$ cat query_24.cif   # mmCIF, N, CA, C and O atoms
data_model
#
loop_
_atom_site.label_atom_id
_atom_site.label_comp_id
_atom_site.auth_asym_id
_atom_site.auth_seq_id
_atom_site.Cartn_x
_atom_site.Cartn_y
_atom_site.Cartn_z
N PHE N 1 24.69 -55.64 4.19
CA PHE N 1 25.92 -55.77 4.94
C PHE N 1 25.62 -56.44 6.27
O PHE N 1 25.04 -55.83 7.16
N PRO N 2 26.02 -57.66 6.41
CA PRO N 2 25.75 -58.40 7.65
C PRO N 2 26.39 -57.73 8.86
O PRO N 2 27.50 -57.22 8.78
N GLY N 3 25.70 -57.73 9.94
CA GLY N 3 26.24 -57.22 11.19
C GLY N 3 26.15 -55.72 11.40
O GLY N 3 26.53 -55.23 12.45
N ILE N 4 25.65 -54.99 10.42
CA ILE N 4 25.55 -53.55 10.61
C ILE N 4 24.26 -53.20 11.34
O ILE N 4 23.33 -53.99 11.39
N VAL N 5 24.24 -52.03 11.89
CA VAL N 5 23.02 -51.48 12.47
C VAL N 5 22.55 -50.39 11.52
O VAL N 5 23.28 -49.42 11.27
N ALA N 6 21.36 -50.56 10.98
CA ALA N 6 20.84 -49.61 10.00
C ALA N 6 19.90 -48.62 10.68
O ALA N 6 18.94 -49.03 11.33
N ILE N 7 20.20 -47.35 10.53
CA ILE N 7 19.40 -46.28 11.14
C ILE N 7 18.81 -45.43 10.02
O ILE N 7 19.55 -44.90 9.18
N PHE N 8 17.50 -45.30 10.04
CA PHE N 8 16.80 -44.51 9.03
C PHE N 8 16.49 -43.15 9.64
O PHE N 8 15.75 -43.05 10.61
N LEU N 9 17.08 -42.11 9.08
CA LEU N 9 16.85 -40.74 9.54
C LEU N 9 15.82 -40.12 8.62
O LEU N 9 16.00 -40.08 7.40
N THR N 10 14.72 -39.66 9.19
CA THR N 10 13.61 -39.16 8.37
C THR N 10 12.90 -38.01 9.06
O THR N 10 13.28 -37.61 10.16
N VAL N 11 11.91 -37.50 8.39
CA VAL N 11 11.03 -36.48 8.96
C VAL N 11 9.68 -37.13 9.25
O VAL N 11 9.38 -38.20 8.72
N SER N 12 8.88 -36.50 10.05
CA SER N 12 7.60 -37.09 10.44
C SER N 12 6.55 -36.98 9.35
O SER N 12 5.56 -37.71 9.36
N ASP N 13 6.78 -36.09 8.38
CA ASP N 13 5.76 -35.83 7.36
C ASP N 13 6.46 -35.34 6.10
O ASP N 13 7.38 -34.52 6.17
N LEU N 14 6.02 -35.81 4.94
CA LEU N 14 6.65 -35.39 3.69
C LEU N 14 6.48 -33.90 3.41
O LEU N 14 7.32 -33.29 2.75
N ALA N 15 5.41 -33.32 3.92
CA ALA N 15 5.22 -31.88 3.74
C ALA N 15 6.35 -31.10 4.43
O ALA N 15 6.79 -30.06 3.94
N VAL N 16 6.81 -31.63 5.55
CA VAL N 16 7.93 -31.00 6.26
C VAL N 16 9.18 -31.05 5.40
O VAL N 16 9.90 -30.06 5.28
N LEU N 17 9.43 -32.20 4.79
CA LEU N 17 10.60 -32.33 3.92
C LEU N 17 10.52 -31.36 2.76
O LEU N 17 11.49 -30.65 2.46
N GLU N 18 9.38 -31.30 2.11
CA GLU N 18 9.22 -30.39 0.98
C GLU N 18 9.46 -28.94 1.41
O GLU N 18 10.16 -28.18 0.73
N ASP N 19 8.93 -28.58 2.55
CA ASP N 19 9.13 -27.22 3.06
C ASP N 19 10.61 -26.94 3.32
O ASP N 19 11.12 -25.87 2.98
N ARG N 20 11.30 -27.89 3.90
CA ARG N 20 12.73 -27.70 4.18
C ARG N 20 13.53 -27.53 2.89
O ARG N 20 14.42 -26.68 2.82
N ILE N 21 13.20 -28.33 1.90
CA ILE N 21 13.91 -28.21 0.63
C ILE N 21 13.68 -26.83 0.03
O ILE N 21 14.62 -26.17 -0.43
N ARG N 22 12.45 -26.38 0.05
CA ARG N 22 12.12 -25.06 -0.53
C ARG N 22 12.82 -23.93 0.24
O ARG N 22 13.28 -22.96 -0.35
N ARG N 23 12.90 -24.05 1.57
CA ARG N 23 13.56 -23.00 2.35
C ARG N 23 15.06 -22.98 2.13
O ARG N 23 15.69 -21.92 2.13
N ARG N 24 15.66 -24.16 1.97
CA ARG N 24 17.11 -24.23 1.76
C ARG N 24 17.53 -23.72 0.39
O ARG N 24 18.63 -23.20 0.22
N LYS N 25 16.66 -23.93 -0.58
CA LYS N 25 16.98 -23.52 -1.94
C LYS N 25 15.72 -22.94 -2.58
O LYS N 25 14.98 -23.63 -3.28
N PRO N 26 15.46 -21.67 -2.33
CA PRO N 26 14.22 -21.04 -2.82
C PRO N 26 14.01 -21.13 -4.32
O PRO N 26 12.89 -21.14 -4.79
N ASP N 27 15.08 -21.26 -5.08
CA ASP N 27 14.95 -21.33 -6.53
C ASP N 27 14.91 -22.77 -7.06
O ASP N 27 15.11 -23.00 -8.24
N VAL N 28 14.61 -23.72 -6.19
CA VAL N 28 14.56 -25.12 -6.59
C VAL N 28 13.50 -25.32 -7.68
O VAL N 28 12.42 -24.74 -7.62
N SER N 29 13.84 -26.12 -8.66
CA SER N 29 12.88 -26.37 -9.74
C SER N 29 11.81 -27.36 -9.28
O SER N 29 12.06 -28.22 -8.43
N GLU N 30 10.65 -27.21 -9.85
CA GLU N 30 9.56 -28.13 -9.52
C GLU N 30 9.91 -29.55 -9.94
O GLU N 30 9.53 -30.51 -9.27
N GLU N 31 10.65 -29.67 -11.03
CA GLU N 31 11.06 -31.00 -11.49
C GLU N 31 11.96 -31.68 -10.46
O GLU N 31 11.77 -32.84 -10.12
N TYR N 32 12.96 -30.93 -9.97
CA TYR N 32 13.85 -31.48 -8.95
C TYR N 32 13.06 -31.86 -7.71
O TYR N 32 13.26 -32.94 -7.14
N LEU N 33 12.18 -30.99 -7.28
CA LEU N 33 11.39 -31.24 -6.08
C LEU N 33 10.54 -32.50 -6.26
O LEU N 33 10.46 -33.34 -5.37
N ARG N 34 9.92 -32.64 -7.42
CA ARG N 34 9.09 -33.81 -7.69
C ARG N 34 9.94 -35.08 -7.65
O ARG N 34 9.56 -36.08 -7.04
N GLU N 35 11.12 -35.03 -8.29
CA GLU N 35 12.01 -36.19 -8.28
C GLU N 35 12.45 -36.55 -6.87
O GLU N 35 12.48 -37.72 -6.49
N ARG N 36 12.79 -35.55 -6.11
CA ARG N 36 13.23 -35.78 -4.72
C ARG N 36 12.11 -36.37 -3.88
O ARG N 36 12.34 -37.31 -3.11
N MET N 37 10.91 -35.88 -4.04
CA MET N 37 9.79 -36.40 -3.26
C MET N 37 9.44 -37.83 -3.72
O MET N 37 9.13 -38.69 -2.88
N ASP N 38 9.50 -38.09 -5.01
CA ASP N 38 9.25 -39.46 -5.51
C ASP N 38 10.29 -40.42 -4.97
O ASP N 38 9.96 -41.53 -4.54
N TYR N 39 11.54 -39.98 -4.98
CA TYR N 39 12.64 -40.79 -4.45
C TYR N 39 12.40 -41.10 -2.97
O TYR N 39 12.55 -42.23 -2.52
N THR N 40 12.00 -40.10 -2.23
CA THR N 40 11.75 -40.27 -0.80
C THR N 40 10.58 -41.22 -0.56
O THR N 40 10.64 -42.09 0.31
N ARG N 41 9.50 -41.05 -1.31
CA ARG N 41 8.35 -41.96 -1.17
C ARG N 41 8.78 -43.41 -1.42
O ARG N 41 8.31 -44.33 -0.74
N GLU N 42 9.66 -43.60 -2.39
CA GLU N 42 10.13 -44.96 -2.68
C GLU N 42 10.91 -45.53 -1.49
O GLU N 42 10.72 -46.66 -1.09
N TRP N 43 11.79 -44.72 -0.91
CA TRP N 43 12.55 -45.17 0.26
C TRP N 43 11.64 -45.50 1.43
O TRP N 43 11.89 -46.44 2.18
N LEU N 44 10.58 -44.74 1.58
CA LEU N 44 9.65 -44.98 2.69
C LEU N 44 8.94 -46.32 2.58
O LEU N 44 8.42 -46.83 3.56
N LYS N 45 8.94 -46.91 1.41
CA LYS N 45 8.34 -48.24 1.23
C LYS N 45 9.23 -49.33 1.80
O LYS N 45 8.80 -50.47 1.92
N HIS N 46 10.47 -48.98 2.12
CA HIS N 46 11.45 -49.99 2.54
C HIS N 46 11.99 -49.75 3.95
O HIS N 46 13.10 -50.18 4.26
N THR N 47 11.23 -49.12 4.78
CA THR N 47 11.72 -48.83 6.14
C THR N 47 11.92 -50.09 6.96
O THR N 47 12.62 -50.06 7.97
N ASP N 48 11.34 -51.20 6.51
CA ASP N 48 11.49 -52.46 7.24
C ASP N 48 12.92 -52.98 7.22
O ASP N 48 13.27 -53.86 8.02
N ILE N 49 13.77 -52.47 6.35
CA ILE N 49 15.15 -52.95 6.30
C ILE N 49 16.03 -52.29 7.36
O ILE N 49 17.18 -52.67 7.54
N TYR N 50 15.48 -51.32 8.07
CA TYR N 50 16.23 -50.59 9.09
C TYR N 50 15.95 -51.16 10.48
O TYR N 50 14.85 -51.61 10.77
N ASP N 51 16.96 -51.08 11.32
CA ASP N 51 16.80 -51.53 12.70
C ASP N 51 16.17 -50.44 13.57
O ASP N 51 15.48 -50.75 14.54
N TYR N 52 16.42 -49.20 13.23
CA TYR N 52 15.93 -48.06 14.01
C TYR N 52 15.48 -46.96 13.07
O TYR N 52 16.02 -46.80 11.98
N THR N 53 14.52 -46.18 13.54
CA THR N 53 14.08 -44.99 12.83
C THR N 53 14.24 -43.81 13.77
O THR N 53 13.79 -43.86 14.92
N VAL N 54 14.90 -42.77 13.29
CA VAL N 54 15.07 -41.54 14.06
C VAL N 54 14.42 -40.42 13.27
O VAL N 54 14.66 -40.28 12.07
N TYR N 55 13.61 -39.64 13.96
CA TYR N 55 12.91 -38.53 13.32
C TYR N 55 13.67 -37.23 13.55
O TYR N 55 13.99 -36.89 14.68
N ASN N 56 13.96 -36.54 12.47
CA ASN N 56 14.64 -35.25 12.52
C ASN N 56 13.56 -34.17 12.47
O ASN N 56 13.19 -33.70 11.40
N GLU N 57 13.07 -33.82 13.63
CA GLU N 57 11.99 -32.84 13.72
C GLU N 57 12.52 -31.42 13.55
O GLU N 57 13.70 -31.15 13.79
N GLU N 58 11.65 -30.54 13.17
CA GLU N 58 12.00 -29.12 12.96
C GLU N 58 12.66 -28.54 14.22
O GLU N 58 12.14 -28.69 15.32
N ASN N 59 13.80 -27.92 14.05
CA ASN N 59 14.54 -27.28 15.13
C ASN N 59 14.97 -28.27 16.22
O ASN N 59 15.20 -27.87 17.36
N GLU N 60 15.09 -29.53 15.88
CA GLU N 60 15.46 -30.56 16.86
C GLU N 60 16.64 -31.40 16.38
O GLU N 60 16.73 -32.58 16.72
N LEU N 61 17.52 -30.82 15.58
CA LEU N 61 18.65 -31.57 15.04
C LEU N 61 19.50 -32.18 16.16
O LEU N 61 19.91 -33.34 16.07
N GLU N 62 19.75 -31.43 17.20
CA GLU N 62 20.57 -31.94 18.30
C GLU N 62 19.94 -33.18 18.94
O GLU N 62 20.65 -34.11 19.31
N LYS N 63 18.62 -33.21 19.04
CA LYS N 63 17.93 -34.39 19.58
C LYS N 63 18.12 -35.58 18.66
O LYS N 63 18.38 -36.70 19.12
N ALA N 64 18.00 -35.38 17.35
CA ALA N 64 18.21 -36.48 16.40
C ALA N 64 19.63 -37.02 16.51
O ALA N 64 19.85 -38.23 16.51
N ILE N 65 20.60 -36.12 16.63
CA ILE N 65 22.00 -36.53 16.79
C ILE N 65 22.17 -37.33 18.08
O ILE N 65 22.81 -38.38 18.09
N GLU N 66 21.57 -36.86 19.14
CA GLU N 66 21.67 -37.57 20.42
C GLU N 66 20.98 -38.93 20.36
O GLU N 66 21.49 -39.92 20.90
N ASP N 67 19.85 -39.00 19.69
CA ASP N 67 19.15 -40.29 19.53
C ASP N 67 20.03 -41.30 18.80
O ASP N 67 20.13 -42.46 19.19
N ILE N 68 20.68 -40.85 17.73
CA ILE N 68 21.56 -41.74 16.98
C ILE N 68 22.77 -42.14 17.83
O ILE N 68 23.17 -43.30 17.85
N ALA N 69 23.34 -41.18 18.53
CA ALA N 69 24.47 -41.49 19.41
C ALA N 69 24.07 -42.50 20.48
O ALA N 69 24.86 -43.41 20.79
N GLU N 70 22.88 -42.38 21.01
CA GLU N 70 22.40 -43.33 22.03
C GLU N 70 22.24 -44.73 21.45
O GLU N 70 22.58 -45.73 22.10
N ILE N 71 21.73 -44.82 20.24
CA ILE N 71 21.62 -46.13 19.58
C ILE N 71 23.01 -46.75 19.43
O ILE N 71 23.21 -47.93 19.74
N ILE N 72 23.97 -45.95 19.00
CA ILE N 72 25.33 -46.45 18.82
C ILE N 72 25.93 -46.89 20.15
O ILE N 72 26.54 -47.96 20.25
N ARG N 73 25.75 -46.07 21.18
CA ARG N 73 26.27 -46.44 22.51
C ARG N 73 25.64 -47.73 23.01
O ARG N 73 26.33 -48.62 23.53
N CYS N 74 24.35 -47.84 22.84
CA CYS N 74 23.62 -49.03 23.30
C CYS N 74 24.11 -50.27 22.55
O CYS N 74 24.38 -51.30 23.16
N ARG N 75 24.20 -50.17 21.23
CA ARG N 75 24.66 -51.31 20.44
C ARG N 75 26.10 -51.69 20.80
O ARG N 75 26.44 -52.86 20.87
N ALA N 76 26.95 -50.70 21.04
CA ALA N 76 28.33 -50.98 21.42
C ALA N 76 28.37 -51.73 22.74
O ALA N 76 29.15 -52.68 22.91
N SER N 77 27.51 -51.35 23.67
CA SER N 77 27.43 -52.01 24.97
C SER N 77 26.97 -53.45 24.81
O SER N 77 27.53 -54.37 25.41
N ILE N 78 25.97 -53.66 23.98
CA ILE N 78 25.47 -55.03 23.74
C ILE N 78 26.57 -55.88 23.13
O ILE N 78 26.79 -57.02 23.55
N CYS N 79 27.29 -55.34 22.17
CA CYS N 79 28.35 -56.09 21.50
C CYS N 79 29.51 -56.39 22.44
O CYS N 79 30.13 -57.45 22.34
N GLN N 80 29.77 -55.48 23.36
CA GLN N 80 30.84 -55.71 24.31
C GLN N 80 30.45 -56.80 25.30
O GLN N 80 31.26 -57.66 25.65
N GLU N 81 29.19 -56.80 25.73
CA GLU N 81 28.71 -57.79 26.70
C GLU N 81 28.54 -59.17 26.07
O GLU N 81 28.77 -60.18 26.72
N ASP N 82 28.11 -59.21 24.81
CA ASP N 82 27.83 -60.49 24.15
C ASP N 82 28.20 -60.38 22.67
O ASP N 82 27.34 -60.19 21.81
N PRO N 83 29.49 -60.53 22.36
CA PRO N 83 29.95 -60.36 20.98
C PRO N 83 29.23 -61.25 19.98
O PRO N 83 29.07 -60.89 18.82
N GLY N 84 28.74 -62.38 20.40
CA GLY N 84 28.02 -63.28 19.51
C GLY N 84 26.76 -62.67 18.94
O GLY N 84 26.32 -63.01 17.84
N ARG N 85 26.15 -61.75 19.69
CA ARG N 85 24.93 -61.09 19.20
C ARG N 85 25.22 -60.09 18.10
O ARG N 85 24.32 -59.66 17.40
N CYS N 86 26.48 -59.72 17.95
CA CYS N 86 26.84 -58.70 16.97
C CYS N 86 27.67 -59.24 15.82
O CYS N 86 28.07 -58.50 14.95
N ALA N 87 27.90 -60.54 15.83
CA ALA N 87 28.69 -61.14 14.76
C ALA N 87 27.92 -61.13 13.46
O ALA N 87 26.70 -61.25 13.47
N PRO N 88 28.62 -60.97 12.36
CA PRO N 88 27.93 -61.02 11.06
C PRO N 88 27.19 -62.33 10.88
O PRO N 88 27.66 -63.37 11.31
N ALA N 89 26.05 -62.25 10.24
CA ALA N 89 25.24 -63.45 10.01
C ALA N 89 25.83 -64.28 8.89
O ALA N 89 26.50 -63.84 8.04
#

$ encode --input "query_24.cif" --output "structure tokens"
Amino acid sequence: FPGIVAIFLTVSDLAVLEDRIRRRKPDVSEEYLRERMDYTREWLKHTDIYDYTVYNEENELEKAIEDIAEIIRCRASICQEDPGRCAPA
């Protein structure tokens, strides 16, 4: 999608993601967990398509939200000052 700002929200370590999944759903199947981790590993191969990466650290959800909000505010300011920089390619 031309002209969008792509933000990749992730965790700092896959072990953290696995732990979060297990805590949210203690009865999660190993098959589901394996599929989810494989899917995530595949996405991590393509982080270059994103303009920004925000890390959702343990107990820091509000910080991740604020980081994303700041990116949006900053991009909105850039687009307001110089609309040509934000026009679709």

$ axis_aligned_box --input "query_24.cif" --around "stretch 37-42 of chain N" --padding-each-side "4 Å" --output "lines of an AutoDock Vina configuration file"
center_x = 10.5
center_y = -41.3
center_z = -2.6
size_x = 12.3
size_y = 18.8
size_z = 13.8

$ residues_around --input "query_24.cif" --residues "stretch 51-57 of chain N" --least-positions-apart "3" --cutoff "8 Å" --atoms "all atoms listed in the file" --output "PyMOL selection string"
chain N and resi 4-13+16-17+47-48+60-65+67-68

$ residues_near_point --input "query_24.cif" --point "(9.5, -31.3, -7.3)" --cutoff "12 Å" --atoms "only C-alpha atoms" --output "number ranges by chain"
N: 15, 17-19, 21-22, 27-40

$ atom_distance --input "query_24.cif" --atom1 "atom CA of N:Gly84" --atom2 "atom N of N:Ile49"
22.2 Å

$ atom_distance --input "query_24.cif" --atom1 "atom N of N:His46" --atom2 "atom CA of N:Ser77"
28.6 Å

$ select_by_dssp --input "query_24.cif" --residues "chain N" --states "helix (DSSP H, G or I)" --output "PyMOL selection string"
chain N and resi 14-24+30-44+47-49+61-81+83-86

$ atom_distance --input "query_24.cif" --atom1 "atom CA of N:Ala69" --atom2 "atom CA of N:Pro83"
19.7 Å

$ select_by_dssp --input "query_24.cif" --residues "chain N" --states "strand (DSSP E)" --output "JSON, numbers by chain"
{"N": [7, 8, 9, 10, 52, 53, 54, 55]}

$ build_atoms --input "query_24.cif" --residues "stretch 2-13 of chain N" --atoms "all heavy atoms" --output "mmCIF file, in the coordinates of the input"
data_model
loop_
_atom_site.group_PDB
_atom_site.id
_atom_site.type_symbol
_atom_site.label_atom_id
_atom_site.label_comp_id
_atom_site.auth_asym_id
_atom_site.auth_seq_id
_atom_site.Cartn_x
_atom_site.Cartn_y
_atom_site.Cartn_z
ATOM 1 N N PRO N 2 26.020 -57.660 6.410
ATOM 2 C CA PRO N 2 25.750 -58.400 7.650
ATOM 3 C C PRO N 2 26.390 -57.730 8.860
ATOM 4 O O PRO N 2 27.500 -57.220 8.780
ATOM 5 C CB PRO N 2 26.376 -59.766 7.402
ATOM 6 C CG PRO N 2 26.603 -59.856 5.935
ATOM 7 C CD PRO N 2 26.739 -58.451 5.432
ATOM 8 N N GLY N 3 25.700 -57.730 9.940
ATOM 9 C CA GLY N 3 26.240 -57.220 11.190
ATOM 10 C C GLY N 3 26.150 -55.720 11.400
ATOM 11 O O GLY N 3 26.530 -55.230 12.450
ATOM 12 N N ILE N 4 25.650 -54.990 10.420
ATOM 13 C CA ILE N 4 25.550 -53.550 10.610
ATOM 14 C C ILE N 4 24.260 -53.200 11.340
ATOM 15 O O ILE N 4 23.330 -53.990 11.390
ATOM 16 C CB ILE N 4 25.598 -52.765 9.277
ATOM 17 C CG1 ILE N 4 24.329 -53.024 8.452
ATOM 18 C CG2 ILE N 4 26.849 -53.061 8.508
ATOM 19 C CD1 ILE N 4 24.075 -51.961 7.401
ATOM 20 N N VAL N 5 24.240 -52.030 11.890
ATOM 21 C CA VAL N 5 23.020 -51.480 12.470
ATOM 22 C C VAL N 5 22.550 -50.390 11.520
ATOM 23 O O VAL N 5 23.280 -49.420 11.270
ATOM 24 C CB VAL N 5 23.276 -50.894 13.876
ATOM 25 C CG1 VAL N 5 22.027 -50.232 14.406
ATOM 26 C CG2 VAL N 5 23.757 -51.985 14.816
ATOM 27 N N ALA N 6 21.360 -50.560 10.980
ATOM 28 C CA ALA N 6 20.840 -49.610 10.000
ATOM 29 C C ALA N 6 19.900 -48.620 10.680
ATOM 30 O O ALA N 6 18.940 -49.030 11.330
ATOM 31 C CB ALA N 6 20.107 -50.348 8.885
ATOM 32 N N ILE N 7 20.200 -47.350 10.530
ATOM 33 C CA ILE N 7 19.400 -46.280 11.140
ATOM 34 C C ILE N 7 18.810 -45.430 10.020
ATOM 35 O O ILE N 7 19.550 -44.900 9.180
ATOM 36 C CB ILE N 7 20.253 -45.404 12.070
ATOM 37 C CG1 ILE N 7 20.903 -46.271 13.160
ATOM 38 C CG2 ILE N 7 19.396 -44.289 12.682
ATOM 39 C CD1 ILE N 7 21.936 -45.529 13.992
ATOM 40 N N PHE N 8 17.500 -45.300 10.040
ATOM 41 C CA PHE N 8 16.800 -44.510 9.030
ATOM 42 C C PHE N 8 16.490 -43.150 9.640
ATOM 43 O O PHE N 8 15.750 -43.050 10.610
ATOM 44 C CB PHE N 8 15.504 -45.223 8.627
ATOM 45 C CG PHE N 8 14.746 -44.545 7.516
ATOM 46 C CD1 PHE N 8 15.312 -44.395 6.268
ATOM 47 C CD2 PHE N 8 13.465 -44.081 7.719
ATOM 48 C CE1 PHE N 8 14.609 -43.787 5.233
ATOM 49 C CE2 PHE N 8 12.749 -43.472 6.698
ATOM 50 C CZ PHE N 8 13.326 -43.325 5.452
ATOM 51 N N LEU N 9 17.080 -42.110 9.080
ATOM 52 C CA LEU N 9 16.850 -40.740 9.540
ATOM 53 C C LEU N 9 15.820 -40.120 8.620
ATOM 54 O O LEU N 9 16.000 -40.080 7.400
ATOM 55 C CB LEU N 9 18.153 -39.943 9.512
ATOM 56 C CG LEU N 9 18.064 -38.497 9.969
ATOM 57 C CD1 LEU N 9 17.651 -38.414 11.436
ATOM 58 C CD2 LEU N 9 19.399 -37.801 9.746
ATOM 59 N N THR N 10 14.720 -39.660 9.190
ATOM 60 C CA THR N 10 13.610 -39.160 8.370
ATOM 61 C C THR N 10 12.900 -38.010 9.060
ATOM 62 O O THR N 10 13.280 -37.610 10.160
ATOM 63 C CB THR N 10 12.625 -40.320 8.065
ATOM 64 O OG1 THR N 10 11.666 -39.898 7.101
ATOM 65 C CG2 THR N 10 11.922 -40.810 9.323
ATOM 66 N N VAL N 11 11.910 -37.500 8.390
ATOM 67 C CA VAL N 11 11.030 -36.480 8.960
ATOM 68 C C VAL N 11 9.680 -37.130 9.250
ATOM 69 O O VAL N 11 9.380 -38.200 8.720
ATOM 70 C CB VAL N 11 10.847 -35.275 8.004
ATOM 71 C CG1 VAL N 11 12.152 -34.530 7.835
ATOM 72 C CG2 VAL N 11 10.311 -35.707 6.666
ATOM 73 N N SER N 12 8.880 -36.500 10.050
ATOM 74 C CA SER N 12 7.600 -37.090 10.440
ATOM 75 C C SER N 12 6.550 -36.980 9.350
ATOM 76 O O SER N 12 5.560 -37.710 9.360
ATOM 77 C CB SER N 12 7.092 -36.447 11.728
ATOM 78 O OG SER N 12 6.981 -35.045 11.532
ATOM 79 N N ASP N 13 6.780 -36.090 8.380
ATOM 80 C CA ASP N 13 5.760 -35.830 7.360
ATOM 81 C C ASP N 13 6.460 -35.340 6.100
ATOM 82 O O ASP N 13 7.380 -34.520 6.170
ATOM 83 C CB ASP N 13 4.796 -34.770 7.896
ATOM 84 C CG ASP N 13 3.638 -34.525 6.983
ATOM 85 O OD1 ASP N 13 3.844 -33.852 5.947
ATOM 86 O OD2 ASP N 13 2.535 -34.989 7.299
#
